[in-house]
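Here is protein-v9.txt, consisting of compact mmCIF, C-alpha atoms:
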```txt
# COMPACT_ATOMS: atom_id res chain seq x y z
CA MET A 132 105.90 126.96 115.22
CA PRO A 133 105.08 126.32 118.88
CA LYS A 134 107.40 124.11 120.94
CA SER A 135 106.04 120.70 121.80
CA LEU A 136 105.89 119.48 125.40
CA LEU A 137 105.75 115.89 126.61
CA ILE A 138 104.36 115.23 130.08
CA ILE A 139 105.43 111.93 131.60
CA SER A 140 103.06 110.97 134.39
CA ARG A 141 104.60 108.37 136.72
CA GLN A 142 102.42 108.42 139.81
CA ALA A 143 99.48 106.22 140.71
CA PRO A 144 96.10 108.00 140.72
CA TRP A 145 95.50 108.14 144.46
CA SER A 146 99.00 108.78 145.78
CA GLY A 147 98.44 112.48 146.34
CA PRO A 148 97.88 115.37 143.95
CA ASN A 149 100.59 114.32 141.48
CA ALA A 150 98.42 112.55 138.92
CA ARG A 151 95.85 115.33 138.90
CA GLU A 152 98.42 118.14 138.83
CA ALA A 153 100.24 116.46 135.92
CA LEU A 154 96.96 116.27 134.05
CA ASP A 155 96.27 119.95 134.81
CA ILE A 156 99.48 120.87 133.00
CA VAL A 157 98.34 118.84 129.99
CA LEU A 158 94.83 120.33 129.95
CA ALA A 159 96.17 123.88 130.29
CA GLY A 160 98.50 123.28 127.35
CA GLY A 161 95.65 121.86 125.30
CA ALA A 162 93.47 124.86 126.15
CA PHE A 163 96.18 127.09 124.69
CA ASP A 164 96.30 124.94 121.54
CA LEU A 165 99.86 123.85 122.24
CA PRO A 166 101.30 120.55 120.98
CA ILE A 167 101.21 118.41 124.15
CA GLY A 168 101.84 114.70 124.54
CA LEU A 169 101.10 112.57 127.62
CA LEU A 170 102.92 109.35 128.48
CA PHE A 171 101.86 107.11 131.35
CA LEU A 172 104.93 105.41 132.80
CA ASP A 173 105.68 103.31 135.89
CA ASP A 174 102.83 103.61 138.43
CA GLY A 175 101.25 106.22 136.17
CA VAL A 176 99.76 103.36 134.14
CA PHE A 177 97.40 102.69 137.06
CA GLN A 178 95.60 105.93 136.15
CA LEU A 179 94.25 104.03 133.14
CA THR A 180 92.64 101.15 135.00
CA ALA A 181 88.97 100.96 134.07
CA LYS A 182 86.09 101.18 136.55
CA GLN A 183 87.96 102.90 139.34
CA ASP A 184 85.83 104.38 142.08
CA ALA A 185 87.18 107.73 143.19
CA LYS A 186 84.25 108.24 145.52
CA ALA A 187 85.46 105.37 147.69
CA LEU A 188 88.28 107.74 148.71
CA GLN A 189 86.15 110.88 148.57
CA GLN A 190 88.26 111.99 145.62
CA LYS A 191 87.37 113.58 142.31
CA ASP A 192 87.05 111.24 139.39
CA LEU A 193 90.24 111.52 137.28
CA SER A 194 88.82 109.56 134.38
CA ALA A 195 86.51 112.46 133.47
CA ASN A 196 89.56 114.68 133.03
CA LEU A 197 91.33 111.95 131.08
CA GLN A 198 88.39 111.56 128.75
CA ALA A 199 88.32 115.33 128.22
CA LEU A 200 91.81 115.27 126.71
CA PRO A 201 90.80 114.91 123.05
CA MET A 202 88.29 117.75 123.54
CA PHE A 203 91.25 119.90 124.59
CA GLY A 204 93.06 118.85 121.45
CA VAL A 205 95.39 116.45 123.26
CA GLU A 206 95.41 113.28 121.24
CA ASP A 207 99.02 112.14 121.58
CA LEU A 208 98.49 109.70 124.43
CA PHE A 209 100.93 106.93 125.24
CA VAL A 210 101.36 104.16 127.74
CA CYS A 211 104.54 102.21 128.54
CA GLY A 212 103.92 98.57 127.66
CA ASP A 213 106.61 97.34 130.08
CA SER A 214 105.18 99.34 133.00
CA ALA A 215 101.71 97.94 132.27
CA ALA A 216 102.92 94.35 131.95
CA GLU A 217 104.94 94.56 135.17
CA ARG A 218 101.83 95.77 136.97
CA GLY A 219 99.55 93.12 135.54
CA LEU A 220 97.61 95.64 133.46
CA GLU A 221 96.13 94.63 130.13
CA THR A 222 96.52 97.34 127.51
CA THR A 223 93.04 96.68 126.15
CA GLY A 224 89.91 97.96 127.87
CA LEU A 225 91.72 100.86 129.49
CA ALA A 226 89.90 103.89 130.87
CA LEU A 227 91.22 105.84 127.87
CA GLU A 228 90.69 104.74 124.28
CA ASP A 229 93.28 105.51 121.61
CA VAL A 230 96.32 105.23 123.85
CA GLN A 231 99.39 104.01 122.00
CA VAL A 232 101.31 101.26 123.72
CA LEU A 233 105.06 101.92 123.55
CA SER A 234 108.15 99.85 124.14
CA ALA A 235 111.18 101.27 125.96
CA HIS A 236 112.82 101.83 122.61
CA ASP A 237 109.75 103.74 121.37
CA ILE A 238 109.85 105.90 124.49
CA THR A 239 113.48 106.86 123.82
CA ALA A 240 112.39 108.02 120.37
CA LEU A 241 109.29 109.72 121.80
CA ILE A 242 111.29 111.83 124.27
CA ASP A 243 113.60 112.74 121.41
CA ARG A 244 110.71 114.00 119.27
CA TYR A 245 109.46 116.55 121.78
CA ASP A 246 111.09 119.94 122.35
CA GLN A 247 110.63 119.87 126.13
CA VAL A 248 109.63 117.31 128.72
CA ILE A 249 108.27 117.34 132.28
CA THR A 250 108.42 114.05 134.22
CA LEU A 251 106.41 114.03 137.43
CA MET B 133 118.10 115.50 119.71
CA SER B 134 119.82 114.67 122.98
CA THR B 135 118.51 114.74 126.52
CA LEU B 136 120.19 115.35 129.85
CA HIS B 137 118.32 113.15 132.34
CA VAL B 138 118.55 114.34 135.95
CA LEU B 139 117.89 112.12 138.95
CA SER B 140 117.67 113.19 142.59
CA HIS B 141 116.11 110.24 144.43
CA SER B 142 117.96 107.42 146.11
CA PRO B 143 117.97 104.37 143.81
CA PHE B 144 117.23 102.12 146.76
CA GLY B 145 113.51 101.46 147.03
CA ASP B 146 112.74 103.76 144.08
CA ASP B 147 112.31 102.88 140.42
CA ARG B 148 113.36 106.16 138.80
CA LEU B 149 116.91 104.98 138.04
CA THR B 150 115.65 101.71 136.56
CA SER B 151 113.08 103.45 134.38
CA CYS B 152 115.56 106.12 133.32
CA LEU B 153 118.16 103.54 132.30
CA ARG B 154 115.51 101.78 130.21
CA VAL B 155 114.72 104.83 128.12
CA ILE B 156 118.01 106.73 128.07
CA GLY B 157 119.26 107.13 124.51
CA ALA B 158 122.72 106.70 123.01
CA ASP B 159 123.22 110.46 122.67
CA ASP B 160 121.78 111.24 126.10
CA ALA B 161 123.53 111.79 129.42
CA LEU B 162 122.64 111.20 133.05
CA LEU B 163 123.30 113.64 135.88
CA LEU B 164 123.10 112.30 139.43
CA THR B 165 122.17 114.86 142.05
CA GLY B 166 120.95 114.66 145.63
CA ASP B 167 120.38 111.13 146.91
CA ALA B 168 120.66 109.74 143.38
CA VAL B 169 124.45 109.82 143.87
CA TYR B 170 124.00 106.73 146.07
CA ALA B 171 123.87 104.86 142.75
CA LEU B 172 127.66 105.23 142.84
CA GLN B 173 127.89 103.07 145.96
CA PRO B 174 130.13 100.22 144.79
CA GLY B 175 128.94 96.62 144.81
CA THR B 176 125.27 97.47 144.84
CA VAL B 177 122.47 96.56 142.45
CA PRO B 178 121.98 100.19 141.27
CA CYS B 179 125.72 100.63 140.72
CA THR B 180 125.87 97.43 138.71
CA ALA B 181 122.86 98.51 136.64
CA LEU B 182 124.46 101.90 136.03
CA ASN B 183 127.72 100.30 134.91
CA ALA B 184 125.91 97.81 132.70
CA ARG B 185 124.10 100.57 130.84
CA HIS B 186 127.10 102.95 131.07
CA PRO B 187 125.46 106.20 129.97
CA THR B 188 127.51 109.39 129.73
CA LEU B 189 127.55 110.14 133.42
CA PHE B 190 127.82 113.35 135.43
CA VAL B 191 127.67 113.78 139.18
CA LEU B 192 126.96 116.95 141.14
CA ALA B 193 130.19 117.15 143.14
CA GLU B 194 128.69 118.68 146.29
CA ASP B 195 126.27 115.75 146.68
CA ALA B 196 128.98 113.09 146.36
CA ARG B 197 131.24 115.00 148.78
CA ALA B 198 128.46 115.44 151.36
CA ARG B 199 127.82 111.69 151.32
CA ALA B 200 131.52 110.66 151.31
CA LEU B 201 131.05 108.89 147.99
CA GLU B 202 133.93 108.44 145.61
CA ILE B 203 133.29 109.50 142.05
CA PRO B 204 134.52 106.79 139.71
CA ASP B 205 136.57 107.46 136.57
CA THR B 206 133.49 106.62 134.53
CA ALA B 207 131.75 109.77 135.82
CA LYS B 208 132.52 113.47 135.65
CA ALA B 209 132.10 115.63 138.75
CA ILE B 210 130.47 118.96 138.02
CA ASP B 211 129.55 122.19 139.77
CA TYR B 212 126.59 124.47 139.06
CA ALA B 213 128.33 126.45 136.33
CA ALA B 214 128.99 123.18 134.51
CA PHE B 215 125.38 122.09 135.20
CA VAL B 216 124.20 125.20 133.35
CA GLU B 217 126.56 124.47 130.48
CA LEU B 218 125.34 120.88 130.27
CA SER B 219 121.75 122.00 130.13
CA ILE B 220 122.68 124.03 127.07
CA HIS B 221 124.86 121.39 125.44
CA TYR B 222 122.03 118.86 125.53
CA ASP B 223 118.87 119.77 123.65
CA LYS B 224 116.64 119.39 126.65
CA VAL B 225 116.66 118.47 130.32
CA ASN B 226 114.44 115.72 131.72
CA SER B 227 114.34 115.85 135.52
CA TRP B 228 112.72 112.77 137.03
CA LEU B 229 110.77 114.64 139.70
CA MET C 141 120.34 131.31 126.40
CA LYS C 142 116.89 131.81 127.85
CA PHE C 143 115.87 129.56 130.72
CA ALA C 144 112.49 128.75 132.18
CA ILE C 145 112.95 127.28 135.66
CA ALA C 146 110.13 125.39 137.34
CA LEU C 147 110.24 124.29 140.97
CA PHE C 148 107.94 121.57 142.30
CA SER C 149 109.24 120.97 145.84
CA ALA C 150 109.02 122.88 149.10
CA ALA C 151 111.69 125.18 150.53
CA HIS C 152 113.10 122.55 152.87
CA ALA C 153 113.67 120.08 150.00
CA PRO C 154 117.27 119.87 148.73
CA SER C 155 116.00 120.38 145.21
CA SER C 156 114.79 123.85 146.11
CA ARG C 157 118.30 124.90 147.08
CA ARG C 158 119.64 123.25 143.92
CA ALA C 159 117.15 125.22 141.83
CA LEU C 160 118.29 128.49 143.39
CA LEU C 161 121.98 127.68 142.88
CA PHE C 162 121.27 126.70 139.28
CA ALA C 163 119.34 129.94 138.71
CA GLN C 164 122.21 131.97 140.20
CA ALA C 165 124.73 130.13 138.02
CA ALA C 166 122.59 130.73 134.93
CA LEU C 167 122.62 134.50 135.50
CA ALA C 168 126.30 134.45 136.44
CA GLY C 169 126.95 132.69 133.13
CA GLY C 170 125.33 135.59 131.28
CA HIS C 171 122.08 133.80 130.54
CA GLU C 172 118.53 135.01 130.97
CA ILE C 173 115.74 133.59 133.12
CA VAL C 174 112.42 134.27 131.39
CA ARG C 175 110.38 133.07 134.36
CA LEU C 176 110.55 131.18 137.62
CA PHE C 177 107.41 129.08 138.02
CA PHE C 178 106.50 127.48 141.31
CA TYR C 179 104.11 124.51 141.06
CA GLN C 180 102.89 121.78 143.42
CA ASP C 181 104.80 122.07 146.72
CA GLY C 182 107.09 124.62 145.07
CA VAL C 183 104.55 127.26 146.01
CA TYR C 184 105.79 127.06 149.61
CA ASN C 185 109.02 128.76 148.51
CA ALA C 186 107.00 131.94 148.02
CA SER C 187 105.47 131.83 151.46
CA ALA C 188 106.37 134.72 153.76
CA ALA C 189 104.98 132.66 156.64
CA VAL C 190 107.81 130.12 156.65
CA VAL C 191 110.00 130.47 159.76
CA THR C 192 113.43 128.93 159.31
CA PRO C 193 115.65 128.15 162.31
CA GLN C 194 118.43 130.71 162.54
CA ASP C 195 121.20 128.19 161.90
CA GLU C 196 119.58 126.94 158.67
CA GLN C 197 119.33 128.35 155.17
CA ASP C 198 116.24 130.49 154.69
CA LEU C 199 115.24 129.52 151.15
CA PRO C 200 112.05 131.62 150.89
CA LYS C 201 114.07 134.67 151.94
CA GLN C 202 116.85 133.83 149.48
CA TRP C 203 114.41 133.28 146.63
CA ARG C 204 112.70 136.59 147.41
CA ALA C 205 116.03 138.43 147.46
CA PHE C 206 117.15 136.76 144.22
CA VAL C 207 113.97 137.59 142.33
CA THR C 208 113.94 141.16 143.64
CA GLU C 209 117.60 141.86 142.98
CA HIS C 210 117.46 140.63 139.40
CA GLN C 211 113.89 141.81 138.74
CA LEU C 212 112.84 138.38 137.59
CA ASP C 213 109.34 137.21 136.83
CA GLY C 214 108.44 134.99 139.80
CA VAL C 215 105.12 133.25 139.28
CA VAL C 216 103.32 130.98 141.72
CA CYS C 217 100.62 128.69 140.33
CA ILE C 218 97.38 129.96 141.82
CA ALA C 219 95.56 126.61 141.88
CA ALA C 220 98.48 124.88 143.60
CA ALA C 221 98.86 127.80 146.01
CA LEU C 222 95.21 127.93 147.04
CA ARG C 223 95.14 124.20 147.73
CA ARG C 224 98.20 124.59 149.96
CA GLY C 225 97.09 127.71 151.82
CA VAL C 226 99.59 130.05 150.20
CA LEU C 227 97.32 133.01 149.53
CA ASN C 228 98.00 136.62 148.64
CA ALA C 229 95.83 139.46 150.02
CA GLU C 230 93.44 139.35 147.07
CA GLU C 231 92.80 135.62 147.33
CA ALA C 232 92.60 135.75 151.12
CA GLN C 233 89.84 138.30 150.80
CA ARG C 234 88.11 136.39 148.02
CA TYR C 235 88.02 133.20 150.05
CA GLN C 236 87.59 134.88 153.42
CA ARG C 237 90.80 133.52 154.86
CA GLU C 238 92.78 135.27 157.57
CA ALA C 239 96.27 134.25 156.60
CA VAL C 240 98.02 136.19 153.88
CA ALA C 241 101.22 134.30 153.03
CA VAL C 242 102.38 135.75 149.72
CA GLY C 243 103.28 139.24 148.64
CA ALA C 244 105.66 140.97 146.28
CA PRO C 245 107.68 140.00 144.33
CA TRP C 246 105.53 136.91 143.75
CA GLU C 247 102.59 136.86 141.41
CA LEU C 248 99.82 134.25 141.62
CA SER C 249 98.81 133.10 138.17
CA GLY C 250 97.76 130.10 136.13
CA LEU C 251 99.51 127.24 134.36
CA GLY C 252 99.29 129.29 131.18
CA GLN C 253 102.31 131.18 132.52
CA LEU C 254 104.28 127.94 132.67
CA HIS C 255 103.37 127.12 129.09
CA ASP C 256 104.16 130.66 128.03
CA ALA C 257 107.60 130.38 129.62
CA VAL C 258 108.23 127.03 127.93
CA GLN C 259 107.41 128.62 124.58
CA GLU C 260 109.64 131.64 125.15
CA ALA C 261 112.65 129.90 126.67
CA ASP C 262 115.37 127.89 124.95
CA ARG C 263 115.53 125.49 127.89
CA LEU C 264 113.07 124.34 130.54
CA ILE C 265 114.68 123.02 133.74
CA CYS C 266 112.51 121.44 136.42
CA PHE C 267 113.55 120.85 140.02
CA GLY C 268 111.58 118.84 142.51
CA GLY C 269 111.09 115.50 144.17
CA ALA C 270 113.91 114.88 146.60
```
Let me see the file written as structure tokens.
Amino acid sequence: MPKSLLIISRQAPWSGPNAREALDIVLAGGAFDLPIGLLFLDDGVFQLTAKQDAKALQQKDLSANLQALPMFGVEDLFVCGDSAAERGLETTGLALEDVQVLSAHDITALIDRYDQVITL
Amino acid sequence: MSTLHVLSHSPFGDDRLTSCLRVIGADDALLLTGDAVYALQPGTVPCTALNARHPTLFVLAEDARARALEIPDTAKAIDYAAFVELSIHYDKVNSWL
Amino acid sequence: MKFAIALFSAAHAPSSRRALLFAQAALAGGHEIVRLFFYQDGVYNASAAVVTPQDEQDLPKQWRAFVTEHQLDGVVCIAAALRRGVLNAEEAQRYQREAVAVGAPWELSGLGQLHDAVQEADRLICFGGA
């Protein structure tokens, strides 16, 4: 049975390559049919804000990659409810559908469930 | 399952310590390395938060020594050999990059 | 125990030195390193173009010596490397760039190698950030 890997993405979308390079790890894992989970935590929740305009910064649109996740077999998508609330983000109408909102306690259990974790 | 959480950023002006302390589990441990050892600075908000949560705490000795920080009785100073052993003792390592 | 070690920060970052010391301690403790994977700014550790002042630690040189001595699998993420101008001869030719910054013992490859290492190893340790 393959080992499961949780990626915890903590960086805002336009703070450098972090958000995109975290997503690349997830997509690569999905492409290899591996059990991958993705949690948006801290500023990472800003990646899920709807109607962002990457072109305003001459950047690539991240939301296209995010929406591709289920096509790559990555359906275990999570967002930290506390991080979202602290940042004034509603957890409805996010750029990604089917993201589970987790409490801190849920996140403790989530990290426990995965075999390995990368937090970036 | 237990996790060894590893921090390396200063807790001042950074939210990794706060976030880590929120999700750290009862069976987990925290290893302070690099500038994260500044969380040991007595009488500070990070130090108070660390003490309030009181996780099983390890400190990379070289980083505390370099910064002239005292390691309290509530923490265990370790070297790299012990770091390797810890990474085996706990089921996985979560470095907050 | 089998370790996969991933490094995300550049050679001048303290975490790069910590990663090397951890890797050395792992081997000294009788453990195995299935792969070293350099991602994000970690790719700079494989650069032969880094010039370190003489009175400072030369991490790229130390990493190279470590990987060579122990015949380890040292992989540099190709996408991260290209973006940061850390090219081997093949990629330099492909993209018509003059600077060749990476050679043996480093191999440029994809993120699949990271996943492969995670699957094979008992433990994944990541170093990076500060």
Chain C contacts on chain B, all atoms listed in the file, 6 Å, as number ranges by chain: B: 140-141, 212-213, 216, 227, 229
Padding 3 Å on each side, edges along x, y and z: where is the centre of the box around the listed atoms of segment 207-221 of chain A, and how long are its edges in Å to one decimal? Output it as JSON.
```
{"center_x": 101.4, "center_y": 102.6, "center_z": 129.3, "size_x": 16.5, "size_y": 25.0, "size_z": 21.4}
```
(128.7, 119.4, 133.9) in this file's frame - what residues fall within 10 Å of it? Use all atoms listed in the file and give the answer as a tab-separated table (two decimals) with C-alpha atoms, in the frame of the given file.
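Final file, out-v7.tsv:
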```
chain	number	residue	atom	x	y	z
B	163	LEU	CA	123.30	113.64	135.88
B	189	LEU	CA	127.55	110.14	133.42
B	190	PHE	CA	127.82	113.35	135.43
B	191	VAL	CA	127.67	113.78	139.18
B	192	LEU	CA	126.96	116.95	141.14
B	193	ALA	CA	130.19	117.15	143.14
B	208	LYS	CA	132.52	113.47	135.65
B	209	ALA	CA	132.10	115.63	138.75
B	210	ILE	CA	130.47	118.96	138.02
B	211	ASP	CA	129.55	122.19	139.77
B	212	TYR	CA	126.59	124.47	139.06
B	213	ALA	CA	128.33	126.45	136.33
B	214	ALA	CA	128.99	123.18	134.51
B	215	PHE	CA	125.38	122.09	135.20
B	216	VAL	CA	124.20	125.20	133.35
B	217	GLU	CA	126.56	124.47	130.48
B	218	LEU	CA	125.34	120.88	130.27
B	219	SER	CA	121.75	122.00	130.13
B	221	HIS	CA	124.86	121.39	125.44
```
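The set of protein, DNA and RNA residues with any counted atom at most 12 Å from (112.9, 102.1, 124.3) (all atoms listed in the file) reads Cys211, Gly212, Asp213, Ser214, Val232, Leu233, Ser234, Ala235, His236, Asp237, Ile238, Thr239, Ala240, Leu241, Ile242 and Asp243 of chain A; Ser151, Cys152, Leu153, Arg154, Val155, Ile156, Gly157 and Ala158 of chain B.
Using all atoms listed in the file, the residues found no farther than 12 Å from Asp192 of chain A, other than those of its own chain fewer than 2 positions away, are Pro144, Trp145, Ala150, Arg151, Gln178, Leu179, Ala181, Lys182, Gln183, Asp184, Ala185, Lys186, Ala187, Leu188, Gln189, Gln190, Ser194, Ala195, Asn196, Leu197, Gln198, Ala199 and Ala226 of chain A.
Around segment 195-204 of chain B, within 7 Å and counting all atoms listed in the file, the residues found are B:Thr165, B:Gly166, B:Val169, B:Gln173, B:Leu192, B:Ala193, B:Thr206, B:Ala207, once anything fewer than 2 positions away on its own chain is removed.
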Up to 10 Å from chain C, what residues of chain A turn up? Count all atoms listed in the file and give them as a PyMOL selection string. chain A and resi 132-136+148-149+152-153+155-160+162-163+165+246-251
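Taking only C-alpha atoms, the non-local environment of segment 226-229 of chain C within 6 Å (same-chain residues fewer than 4 positions away omitted) comprises C:Ala221, C:Leu222, C:Val240, C:Ala241, C:Val242, C:Gly243.
Atom CA of Leu139 of chain B is found 21.4 Å from atom CA of Val183 of chain C.
Here atom CA of Arg244 of chain A stands at a distance of 27.4 Å from atom CA of Leu193 of chain A.
Minimum atom-to-atom distance to chain B, evaluated using all atoms listed in the file, belongs to A:Asp174 out of A:Arg218, A:Leu169, A:Ala143, A:Asp174.
From atom CA of Arg237 of chain C back to atom CA of Tyr184 of chain C, the distance works out to 17.1 Å.
Using all atoms listed in the file, the smallest distance between any of A:Leu172, A:Ile167, A:Val210, A:Val230 and chain B comes from A:Leu172.
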Skip His137 of chain B itself and residues of its chain fewer than 4 positions away, then list as an mmCIF file with C-alpha atoms, in the coordinates of the input all residues within 6 Å of it, counting all atoms listed in the file.
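Generated file (selection-v5.cif):
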```cif
data_model
loop_
_atom_site.group_PDB
_atom_site.id
_atom_site.type_symbol
_atom_site.label_atom_id
_atom_site.label_comp_id
_atom_site.auth_asym_id
_atom_site.auth_seq_id
_atom_site.Cartn_x
_atom_site.Cartn_y
_atom_site.Cartn_z
ATOM 1 C CA LEU B 162 122.640 111.200 133.050
ATOM 2 C CA VAL B 225 116.660 118.470 130.320
ATOM 3 C CA ASN B 226 114.440 115.720 131.720
ATOM 4 C CA SER B 227 114.340 115.850 135.520
#
```
Segment 150-176 of chain A from the block above: N, CA and C atoms written as a tab-separated table (two decimals), in the first residue's frame:
```
chain	number	residue	atom	x	y	z
A	150	ALA	N	3.59	29.01	-3.23
A	150	ALA	CA	2.26	28.43	-3.41
A	150	ALA	C	2.26	27.51	-4.63
A	151	ARG	N	2.86	28.00	-5.72
A	151	ARG	CA	2.87	27.21	-6.95
A	151	ARG	C	3.72	25.95	-6.79
A	152	GLU	N	4.88	26.09	-6.13
A	152	GLU	CA	5.77	24.93	-5.99
A	152	GLU	C	5.21	23.90	-5.02
A	153	ALA	N	4.39	24.34	-4.08
A	153	ALA	CA	3.70	23.38	-3.19
A	153	ALA	C	2.67	22.60	-4.01
A	154	LEU	N	1.96	23.32	-4.83
A	154	LEU	CA	0.93	22.70	-5.68
A	154	LEU	C	1.56	21.73	-6.67
A	155	ASP	N	2.75	22.06	-7.16
A	155	ASP	CA	3.45	21.16	-8.10
A	155	ASP	C	3.75	19.81	-7.45
A	156	ILE	N	4.09	19.84	-6.16
A	156	ILE	CA	4.35	18.58	-5.46
A	156	ILE	C	3.06	17.76	-5.42
A	157	VAL	N	1.95	18.44	-5.14
A	157	VAL	CA	0.66	17.75	-5.05
A	157	VAL	C	0.26	17.16	-6.41
A	158	LEU	N	0.39	17.95	-7.46
A	158	LEU	CA	0.01	17.49	-8.80
A	158	LEU	C	0.88	16.33	-9.24
A	159	ALA	N	2.18	16.41	-8.96
A	159	ALA	CA	3.09	15.32	-9.34
A	159	ALA	C	2.68	14.03	-8.62
A	160	GLY	N	2.34	14.15	-7.34
A	160	GLY	CA	1.91	12.98	-6.58
A	160	GLY	C	0.63	12.38	-7.14
A	161	GLY	N	-0.29	13.28	-7.50
A	161	GLY	CA	-1.55	12.83	-8.09
A	161	GLY	C	-1.32	12.12	-9.41
A	162	ALA	N	-0.40	12.66	-10.21
A	162	ALA	CA	-0.08	12.07	-11.51
A	162	ALA	C	0.47	10.65	-11.36
A	163	PHE	N	1.12	10.40	-10.24
A	163	PHE	CA	1.65	9.05	-9.97
A	163	PHE	C	0.66	8.21	-9.17
A	164	ASP	N	-0.60	8.70	-9.08
A	164	ASP	CA	-1.65	7.94	-8.38
A	164	ASP	C	-1.35	7.70	-6.91
A	165	LEU	N	-0.63	8.62	-6.29
A	165	LEU	CA	-0.31	8.45	-4.88
A	165	LEU	C	-1.38	9.13	-4.02
A	166	PRO	N	-1.57	8.62	-2.80
A	166	PRO	CA	-2.55	9.23	-1.90
A	166	PRO	C	-2.01	10.55	-1.33
A	167	ILE	N	-2.49	11.67	-1.86
A	167	ILE	CA	-1.98	12.99	-1.46
A	167	ILE	C	-3.13	13.80	-0.88
A	168	GLY	N	-2.84	14.52	0.18
A	168	GLY	CA	-3.82	15.44	0.75
A	168	GLY	C	-3.22	16.84	0.72
A	169	LEU	N	-4.08	17.85	0.66
A	169	LEU	CA	-3.59	19.25	0.63
A	169	LEU	C	-4.38	20.07	1.63
A	170	LEU	N	-3.67	20.68	2.56
A	170	LEU	CA	-4.29	21.53	3.58
A	170	LEU	C	-3.80	22.96	3.39
A	171	PHE	N	-4.73	23.89	3.33
A	171	PHE	CA	-4.41	25.31	3.26
A	171	PHE	C	-4.46	25.87	4.67
A	172	LEU	N	-3.34	26.39	5.13
A	172	LEU	CA	-3.21	26.86	6.50
A	172	LEU	C	-2.56	28.24	6.51
A	173	ASP	N	-2.85	29.03	7.54
A	173	ASP	CA	-2.28	30.38	7.67
A	173	ASP	C	-2.52	31.17	6.38
A	174	ASP	N	-1.55	31.88	5.87
A	174	ASP	CA	-1.78	32.69	4.66
A	174	ASP	C	-2.12	31.85	3.43
A	175	GLY	N	-1.88	30.56	3.52
A	175	GLY	CA	-2.23	29.67	2.41
A	175	GLY	C	-3.70	29.73	2.05
A	176	VAL	N	-4.55	30.09	3.02
A	176	VAL	CA	-6.00	30.15	2.75
A	176	VAL	C	-6.32	31.21	1.69
```
